[in-house]
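Dropping run-v6.txt in here (compact mmCIF, C-alpha atoms):
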```txt
# COMPACT_ATOMS: atom_id res chain seq x y z
CA MET A 1 13.49 5.54 -4.34
CA PRO A 2 14.68 6.52 -7.81
CA TYR A 3 15.50 3.05 -9.15
CA LEU A 4 12.59 1.00 -7.85
CA THR A 5 9.43 1.52 -9.84
CA THR A 6 5.93 0.55 -8.80
CA ASP A 7 6.22 -2.38 -11.23
CA HIS A 8 9.28 -3.66 -9.33
CA VAL A 9 7.48 -3.51 -6.02
CA ALA A 10 4.28 -5.00 -7.41
CA ALA A 11 6.17 -8.00 -8.79
CA ALA A 12 7.84 -8.61 -5.44
CA LEU A 13 4.54 -8.26 -3.60
CA ASP A 14 2.92 -10.81 -5.93
CA TYR A 15 5.67 -13.34 -5.21
CA PHE A 16 5.42 -12.67 -1.50
CA ALA A 17 1.65 -13.04 -1.49
CA GLU A 18 1.83 -16.36 -3.34
CA ASN A 19 4.50 -17.90 -1.09
CA THR A 20 5.34 -16.33 2.25
CA HIS A 21 2.03 -14.74 3.21
CA PRO A 22 -0.07 -17.94 3.12
CA ALA A 23 2.56 -19.73 5.23
CA LEU A 24 2.50 -16.93 7.78
CA LEU A 25 -1.23 -17.33 8.13
CA SER A 26 -1.29 -21.11 8.45
CA VAL A 27 1.77 -22.40 10.33
CA LEU A 28 3.73 -21.53 13.47
CA ALA A 29 7.16 -22.03 11.90
CA MET A 30 8.77 -21.22 8.56
CA LEU A 31 12.21 -21.60 7.02
CA ARG A 32 13.43 -19.18 4.35
CA HIS A 33 16.18 -20.68 2.20
CA GLY A 34 18.02 -19.73 -0.95
CA VAL A 35 21.40 -18.97 -2.50
CA PRO A 36 24.01 -17.39 -0.20
CA SER A 37 22.85 -14.01 1.17
CA SER A 38 19.38 -14.19 -0.41
CA ALA A 39 17.69 -15.52 2.74
CA ASP A 40 19.67 -13.51 5.25
CA PRO A 41 17.16 -11.62 7.42
CA GLU A 42 19.48 -8.78 8.34
CA GLU A 43 20.26 -7.95 4.74
CA SER A 44 16.65 -8.53 3.71
CA VAL A 45 15.29 -6.06 6.21
CA ARG A 46 18.15 -3.58 5.92
CA PHE A 47 18.69 -3.73 2.18
CA GLY A 48 16.39 -6.26 0.67
CA SER A 49 16.12 -2.87 0.64
CA THR A 50 13.20 -1.10 -0.51
CA VAL A 51 11.45 -4.16 -1.81
CA GLU A 52 11.46 -6.45 1.19
CA LEU A 53 11.18 -3.55 3.59
CA GLN A 54 8.03 -2.55 1.74
CA LEU A 55 6.79 -6.13 2.01
CA LEU A 56 7.27 -6.01 5.76
CA SER A 57 5.55 -2.66 5.89
CA ASP A 58 2.59 -3.74 3.78
CA TYR A 59 2.01 -7.07 5.49
CA PHE A 60 3.36 -6.86 9.03
CA ARG A 61 3.88 -3.34 10.29
CA PRO A 62 0.15 -2.51 10.37
CA THR A 63 -0.37 -5.51 12.68
CA GLY A 64 2.00 -4.05 15.24
CA PHE A 65 3.79 -7.39 15.72
CA PRO A 66 7.48 -6.74 16.42
CA ALA A 67 10.19 -9.33 15.83
CA TRP A 68 13.57 -10.26 17.31
CA THR A 69 16.47 -11.77 15.40
CA VAL A 70 18.92 -14.16 17.06
CA PRO A 71 21.82 -16.05 15.40
CA ALA A 72 22.00 -19.82 15.90
CA THR A 73 25.31 -21.51 16.74
CA ASP A 74 26.52 -25.09 16.98
CA GLN A 75 26.75 -24.63 20.74
CA TRP A 76 23.00 -24.22 21.14
CA THR A 77 21.09 -26.43 23.55
CA THR A 78 17.60 -26.08 24.99
CA PHE A 79 19.10 -23.51 27.38
CA GLU A 80 19.34 -21.03 24.49
CA THR A 81 15.88 -21.77 23.06
CA ILE A 82 13.70 -22.83 26.01
CA GLY A 83 15.74 -21.65 28.98
CA GLY A 84 17.12 -23.15 32.16
CA TYR A 85 18.02 -22.56 35.76
CA PHE A 86 20.28 -19.61 36.39
CA PRO A 87 21.47 -17.73 39.52
CA ALA A 88 19.20 -14.76 40.15
CA PRO A 89 19.31 -12.23 43.00
CA SER A 90 16.68 -12.80 45.68
CA ALA A 91 14.07 -10.16 46.33
CA ASP A 92 15.15 -9.69 49.94
CA GLY A 93 18.82 -9.25 48.99
CA SER A 94 19.92 -12.35 50.88
CA GLY A 95 21.94 -13.63 47.93
CA ASP A 96 21.56 -15.45 44.64
CA ARG A 97 19.22 -18.39 44.12
CA LEU A 98 18.46 -20.58 41.16
CA ASP A 99 15.46 -19.61 39.07
CA PHE A 100 14.19 -20.27 35.57
CA LEU A 101 15.60 -17.93 32.92
CA PRO A 102 13.66 -18.10 29.63
CA GLY A 103 15.54 -18.78 26.39
CA ALA A 104 15.01 -17.01 23.07
CA VAL A 105 11.78 -18.79 22.09
CA VAL A 106 10.02 -18.60 25.46
CA ASP A 107 11.22 -15.03 25.99
CA SER A 108 9.90 -13.92 22.60
CA ILE A 109 6.49 -15.43 23.36
CA GLU A 110 6.29 -13.82 26.79
CA LYS A 111 7.30 -10.42 25.44
CA ALA A 112 5.01 -10.64 22.39
CA HIS A 113 7.65 -10.75 19.67
CA CYS A 114 7.84 -13.03 16.67
CA LEU A 115 11.25 -14.73 16.52
CA ILE A 116 13.65 -14.89 13.57
CA ILE A 117 16.52 -17.38 13.92
CA ASP A 118 19.33 -16.64 11.49
CA GLU A 119 21.36 -19.57 10.09
CA ILE A 120 19.13 -22.01 11.96
CA ASN A 121 20.90 -25.10 10.61
CA ARG A 122 24.08 -24.15 12.44
CA ALA A 123 22.39 -25.51 15.56
CA ASP A 124 22.00 -29.19 16.42
CA ILE A 125 18.25 -29.06 15.98
CA ASP A 126 17.22 -32.06 18.06
CA LYS A 127 19.47 -30.99 20.93
CA ALA A 128 18.46 -27.33 20.77
CA PHE A 129 14.69 -27.58 20.37
CA GLY A 130 13.72 -30.44 22.68
CA GLU A 131 10.19 -29.93 24.00
CA LEU A 132 9.59 -27.20 21.42
CA PHE A 133 8.83 -29.89 18.84
CA THR A 134 5.46 -30.27 20.57
CA LEU A 135 4.85 -26.52 20.49
CA LEU A 136 5.78 -26.26 16.80
CA SER A 137 3.19 -28.89 15.96
CA GLY A 138 0.56 -26.52 17.39
CA ASN A 139 0.09 -28.19 20.79
CA SER A 140 0.56 -26.90 24.32
CA VAL A 141 3.55 -28.26 26.21
CA THR A 142 4.58 -28.35 29.86
CA LEU A 143 8.31 -27.69 30.20
CA PRO A 144 10.57 -29.58 32.62
CA TYR A 145 11.26 -26.39 34.57
CA ARG A 146 9.68 -24.60 37.49
CA ARG A 147 9.69 -20.84 37.97
CA ARG A 148 9.36 -18.97 41.24
CA SER A 149 6.15 -16.92 41.49
CA ASP A 150 5.79 -13.60 43.29
CA GLU A 151 4.48 -15.56 46.25
CA GLY A 152 7.62 -17.70 46.29
CA GLU A 153 5.96 -20.82 44.89
CA PHE A 154 7.67 -22.96 42.28
CA ARG A 155 5.34 -23.53 39.35
CA ARG A 156 5.87 -25.71 36.30
CA VAL A 157 6.25 -23.56 33.16
CA ARG A 158 3.63 -24.33 30.50
CA LEU A 159 3.41 -22.95 26.96
CA GLN A 160 -0.30 -22.77 26.24
CA VAL A 161 -1.62 -22.74 22.69
CA GLY A 162 -5.27 -21.69 22.33
CA SER A 163 -7.86 -21.34 25.03
CA ALA A 164 -8.20 -24.97 26.11
CA ILE A 165 -8.79 -25.72 29.77
CA ILE A 166 -5.53 -25.76 31.70
CA GLU A 167 -5.45 -28.96 33.70
CA ASP A 168 -2.70 -27.90 36.11
CA GLN A 169 -4.06 -24.85 37.87
CA ASN A 170 -0.71 -24.34 39.61
CA ALA A 171 1.20 -24.06 36.34
CA ASP A 172 3.05 -20.90 35.35
CA VAL A 173 1.19 -20.45 32.08
CA VAL A 174 2.75 -18.64 29.14
CA MET A 175 0.06 -17.97 26.53
CA VAL A 176 1.26 -18.31 22.94
CA PRO A 177 -0.38 -15.52 20.89
CA GLU A 178 -2.31 -16.74 17.87
CA TRP A 179 -0.17 -14.52 15.65
CA TRP A 180 3.20 -15.64 17.06
CA ARG A 181 5.56 -17.09 14.44
CA LEU A 182 9.05 -18.59 14.38
CA ILE A 183 11.00 -17.87 11.20
CA GLY A 184 14.37 -19.41 10.38
CA SER A 185 16.84 -18.68 7.60
CA MET A 186 19.42 -20.89 5.93
CA ASN A 187 21.20 -20.89 2.58
CA ASP A 188 21.26 -23.81 0.22
CA ALA A 189 25.06 -23.86 -0.04
CA ASP A 190 25.36 -24.76 3.66
CA LYS A 191 22.84 -27.60 3.75
CA ALA A 192 25.44 -30.33 3.29
CA SER A 193 28.18 -28.84 5.49
CA LEU A 194 26.17 -27.85 8.57
CA LYS A 195 23.78 -29.70 10.87
CA ARG A 196 21.28 -32.05 9.28
CA LEU A 197 17.60 -31.25 9.73
CA SER A 198 15.71 -34.22 11.14
CA MET A 199 12.42 -35.21 9.53
CA ALA A 200 10.64 -34.49 12.82
CA PHE A 201 11.89 -30.90 12.53
CA VAL A 202 11.29 -30.56 8.79
CA ARG A 203 7.63 -31.61 8.94
CA ARG A 204 6.91 -28.84 11.47
CA PHE A 205 8.13 -26.09 9.14
CA ALA A 206 6.88 -24.59 5.92
CA PHE A 207 9.92 -24.20 3.64
CA ILE A 208 9.87 -21.01 1.57
CA PRO A 209 12.44 -20.68 -1.24
CA ILE A 210 13.89 -17.19 -1.56
CA ASP A 211 15.29 -16.83 -5.06
CA LEU A 212 17.51 -14.06 -6.28
CA PRO A 213 15.64 -10.85 -7.06
CA SER A 214 14.61 -10.54 -10.69
CA ALA A 215 17.32 -8.95 -12.81
CA ASP A 216 15.73 -5.51 -12.88
CA ILE A 217 15.10 -5.43 -9.12
CA TYR A 218 18.60 -6.75 -8.40
CA GLU A 219 20.12 -4.09 -10.63
CA ALA A 220 17.96 -1.42 -8.97
CA MET A 221 19.17 -2.48 -5.53
CA ILE A 222 22.83 -2.18 -6.57
CA ARG A 223 22.29 1.20 -8.21
CA GLU A 224 20.34 2.45 -5.21
CA ALA A 225 23.16 1.45 -2.84
CA GLY A 226 25.73 3.08 -5.12
CA ALA A 227 23.72 6.29 -5.19
CA GLN A 228 23.96 6.51 -1.39
CA VAL A 229 27.76 6.87 -1.52
CA GLY A 230 28.98 10.43 -1.11
CA PHE A 231 30.92 10.43 -4.39
CA ASP A 232 30.64 8.96 -7.88
CA ILE A 233 31.26 5.19 -8.02
CA SER A 234 29.24 4.58 -11.17
CA PRO A 235 32.08 2.62 -12.91
CA LEU A 236 32.13 0.16 -10.00
CA VAL A 237 28.34 -0.06 -10.01
CA GLU A 238 28.39 -1.06 -13.68
CA VAL A 239 30.92 -3.81 -12.92
CA LEU A 240 28.78 -5.11 -10.04
CA VAL A 241 25.59 -5.07 -12.10
CA GLY A 242 27.29 -7.16 -14.80
CA LEU A 243 28.87 -9.52 -12.27
CA PHE A 244 25.86 -10.13 -10.02
CA ALA A 245 22.58 -8.94 -11.53
CA LYS A 246 22.52 -10.00 -15.18
CA GLU A 247 20.70 -13.27 -15.88
CA GLY A 248 22.94 -15.78 -17.63
CA GLU A 249 25.96 -13.49 -17.30
CA GLY A 250 28.67 -12.92 -14.73
CA LEU A 251 28.51 -15.26 -11.74
CA SER A 252 25.10 -16.53 -12.73
CA GLY A 253 26.46 -17.48 -16.14
CA ILE A 254 29.14 -19.76 -14.67
CA GLY A 255 26.77 -21.44 -12.21
CA LEU A 256 27.37 -19.61 -8.93
CA PRO A 257 24.69 -16.93 -8.44
CA LEU A 258 25.10 -14.88 -5.27
CA GLY A 259 22.58 -12.76 -3.41
CA PRO A 260 22.45 -9.00 -2.88
CA ALA A 261 24.48 -8.92 0.36
CA PHE A 262 27.68 -9.38 -1.65
CA PRO A 263 27.51 -6.38 -4.02
CA LEU A 264 26.08 -4.21 -1.26
CA SER A 265 28.99 -5.12 1.03
CA ILE A 266 31.43 -4.48 -1.81
CA ILE A 267 30.02 -0.99 -2.31
CA LYS A 268 30.54 -0.16 1.35
CA HIS A 269 34.05 -1.65 1.21
CA ALA A 270 34.88 0.39 -1.91
CA GLU A 271 33.66 3.57 -0.24
CA SER A 272 36.07 2.95 2.65
CA GLU A 273 38.96 2.23 0.29
CA VAL A 274 38.44 5.41 -1.72
CA ARG A 275 38.15 7.54 1.41
CA LEU A 276 41.50 6.17 2.58
CA ASP A 277 43.13 6.49 -0.86
CA PRO A 278 41.34 8.82 -3.31
CA HIS A 279 43.74 7.76 -6.08
CA ARG A 280 42.85 4.07 -5.87
CA THR A 281 42.06 2.72 -9.35
CA LEU A 282 38.88 0.91 -10.33
CA GLU A 283 40.85 -2.26 -11.13
CA ALA A 284 42.49 -2.22 -7.70
CA ILE A 285 39.12 -1.81 -5.99
CA VAL A 286 37.54 -4.61 -8.03
CA SER A 287 40.51 -6.90 -7.40
CA SER A 288 40.34 -6.30 -3.66
CA ALA A 289 36.57 -6.86 -3.62
CA LEU A 290 36.82 -10.11 -5.56
CA GLU A 291 39.54 -11.50 -3.29
CA LEU A 292 37.77 -10.52 -0.08
CA TYR A 293 34.14 -11.28 -0.87
CA VAL A 294 33.67 -13.37 -4.01
CA VAL A 295 36.60 -15.77 -4.38
CA PRO A 296 35.98 -17.49 -0.99
CA GLN A 297 32.51 -18.49 -2.24
CA PHE A 298 34.24 -20.89 -4.66
CA GLN A 299 35.52 -23.08 -1.84
CA GLY A 300 35.71 -26.69 -3.08
CA ARG A 301 34.35 -25.76 -6.53
CA HIS A 302 37.29 -26.91 -8.63
CA ASP A 303 34.77 -27.55 -11.41
CA LEU A 304 34.23 -23.80 -11.72
CA HIS A 305 37.87 -22.76 -11.49
CA GLU A 306 38.56 -22.22 -15.18
CA ALA A 307 35.28 -20.39 -15.83
CA ALA A 308 35.84 -18.15 -12.79
CA THR A 309 39.43 -17.45 -13.85
CA ASP A 310 38.24 -16.30 -17.28
CA LEU A 311 35.52 -14.15 -15.70
CA PHE A 312 37.83 -12.46 -13.18
CA SER A 313 40.70 -12.03 -15.64
CA ALA A 314 38.46 -9.89 -17.84
CA LEU A 315 37.70 -7.65 -14.86
CA VAL A 316 41.27 -7.34 -13.53
CA PRO A 317 43.59 -8.15 -16.48
CA SER A 318 46.78 -6.85 -14.83
CA ARG A 319 46.21 -9.17 -11.84
CA ALA A 320 44.96 -12.20 -13.75
CA GLU A 321 47.75 -14.57 -12.68
CA ALA A 322 47.64 -13.56 -9.03
CA MET A 323 43.85 -13.86 -9.04
CA ALA A 324 44.05 -17.38 -10.51
CA ARG A 325 46.52 -18.45 -7.81
CA HIS A 326 44.33 -17.00 -5.08
CA LEU A 327 41.26 -18.67 -6.56
CA ALA A 328 43.06 -22.05 -6.67
CA VAL A 329 43.59 -21.89 -2.91
CA TRP A 330 39.81 -21.97 -2.47
CA THR A 331 38.78 -24.19 -5.34
CA GLY A 332 41.50 -26.78 -4.80
CA TYR A 333 42.23 -26.70 -8.50
CA VAL A 334 45.53 -28.29 -9.51
CA VAL A 335 47.08 -27.53 -12.90
CA GLU A 336 47.94 -30.83 -14.60
```
Encoded form (structure tokens):
Amino acid sequence: MPYLTTDHVAAALDYFAENTHPALLSVLAMLRHGVPSSADPEESVRFGSTVELQLLSDYFRPTGFPAWTVPATDQWTTFETIGGYFPAPSADGSGDRLDFLPGAVVDSIEKAHCLIIDEINRADIDKAFGELFTLLSGNSVTLPYRRRSDEGEFRRVRLQVGSAIIEDQNADVVMVPEWWRLIGSMNDADKASLKRLSMAFVRRFAFIPIDLPSADIYEAMIREAGAQVGFDISPLVEVLVGLFAKEGEGLSGIGLPLGPAFPLSIIKHAESEVRLDPHRTLEAIVSSALELYVVPQFQGRHDLHEAATDLFSALVPSRAEAMARHLAVWTGYVVE
């Protein structure tokens, strides 16, 4: 990768080793949190690009432990996490019958996958995790469900941690691998507007802050993404570097730093715009990107309206008034 030096990767690996790696070794569950888009697992793996992908390669891939990612929603109950009874076809073809269908957590354990839950605080935690609180504290738990065995017997499903003696010999035992981990992601901006995390839930997780990449790594990620476009977008890349990646400048300078998913999405959006209209100007592309991706992040931030207006006006001077009006819709700013 032309823009990421060994120094960039080494710095990221040092941070990872000091924070995430010890938590992975010591606890069953972790929460990654940070500014919007910095803790998003999809972007981290796909683009957190070379850096975080190398972290995964260096620390996890050699172990051979695969992982699934599932998005949490406010509709989640224990059916989505633990499982529940569901119509299933009978073996003899006589029709459907109720049987236990494992949810995301139980299914990941049975199929030997670590589980990543994206936007975990969108779920009502107490309602969605139920008996899993016991599991996340490192103890075995017998679930309130029975599953039909091959012999047709209904056996209580038990998640077994460690090699302790299983008291109920008729249980349908699901062994929890020693290496199995549950990882959640959430961003700090959503903590107040989404579901509250109960203390019972919080004390079962190790919370790992995911800060923005350092300025040089952030810049390298943007330039690397720009280099993947099939034509020259270097003027746009320079705008994005100044807006997102410079410490104390751009969005960071006015108090609203945003993670890498935003400039990377803007680059893909710009590529589509230019392919549709090769004569599209840089200012038009920047204006469109700001309105679609950046301005909505100022929702409710009337305190930042004037600073954001000055910042955006310098980038799109011919659309300064329209940009200010559009921004006011999100910030709630009212001119006195």
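With CA of Asp96 in chain A on one side and CA of Ser108 in chain A on the other, the separation reads 25.0 Å.
Take CA of Leu212 in chain A and CA of Pro235 in chain A: the distance between them is 23.1 Å.
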Set up a box along x, y and z of the file covering all listed atoms of range 114-122 of chain A, add 8 Å on every one of the six sides, and write the centre and edge lengths in Å to one decimal, as lines of an AutoDock Vina configuration file.
```
center_x = 16.0
center_y = -19.1
center_z = 13.4
size_x = 32.2
size_y = 28.1
size_z = 22.6
```
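If you count only C-alpha atoms and ignore residues fewer than 4 places along the chain from range 310-326 of chain A, what sits within 9 Å of it is Val239, Leu243, Gly250, Leu251, Ile254, Glu283, Ala284, Val286, Ser287, Leu290, Glu291, Val295, His305, Glu306 and Trp330 of chain A.
In this structure, CA of Ser185 in chain A sits 25.6 Å away from CA of Ala289 in chain A.
If all atoms listed in the file are the atoms counted, then among A:Ala308, A:Ile125, A:Ala270, A:Ile109 the closest residue to Arg196 in chain A is A:Ile125.
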Residues of range 94-161 of chain A at most 8 Å from range 197-209 of chain A: nearest atom pair and distance in Å, all atoms listed in the file, as JSON lines:
```
{"residue": "A:Asn121", "atom": "CA", "partner": "A:Leu197", "partner_atom": "CA", "distance": 7.0}
{"residue": "A:Ile125", "atom": "CA", "partner": "A:Leu197", "partner_atom": "CA", "distance": 6.7}
{"residue": "A:Asp126", "atom": "CA", "partner": "A:Ser198", "partner_atom": "CA", "distance": 7.4}
{"residue": "A:Phe133", "atom": "CA", "partner": "A:Phe201", "partner_atom": "CA", "distance": 7.1}
{"residue": "A:Leu136", "atom": "CA", "partner": "A:Arg204", "partner_atom": "CA", "distance": 6.0}
{"residue": "A:Ser137", "atom": "CA", "partner": "A:Arg204", "partner_atom": "CA", "distance": 5.8}
```
For the point (4.6, -8.7, 23.1) in the file's frame, write as a count of residues only all residues with an atom no more than 12 Å away, counting only C-alpha atoms.
23
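The nearest approach to Phe262 in chain A among the residues A:Ile233, A:Pro278, A:Ala104, A:Met221, with only C-alpha atoms taken into account, belongs to A:Met221.
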Write out as a ChimeraX atom specification which residues come within 10 Å of Gly300 in chain A when counting only C-alpha atoms, dropping same-chain ones fewer than 5 positions away.
/A:305,328-333
Could you list, as a list in words, every residue within 6 Å of Trp76 in chain A, counting all atoms listed in the file and ignoring same-chain residues fewer than 4 positions away?
Glu80, Ala123 and Ala128 of chain A
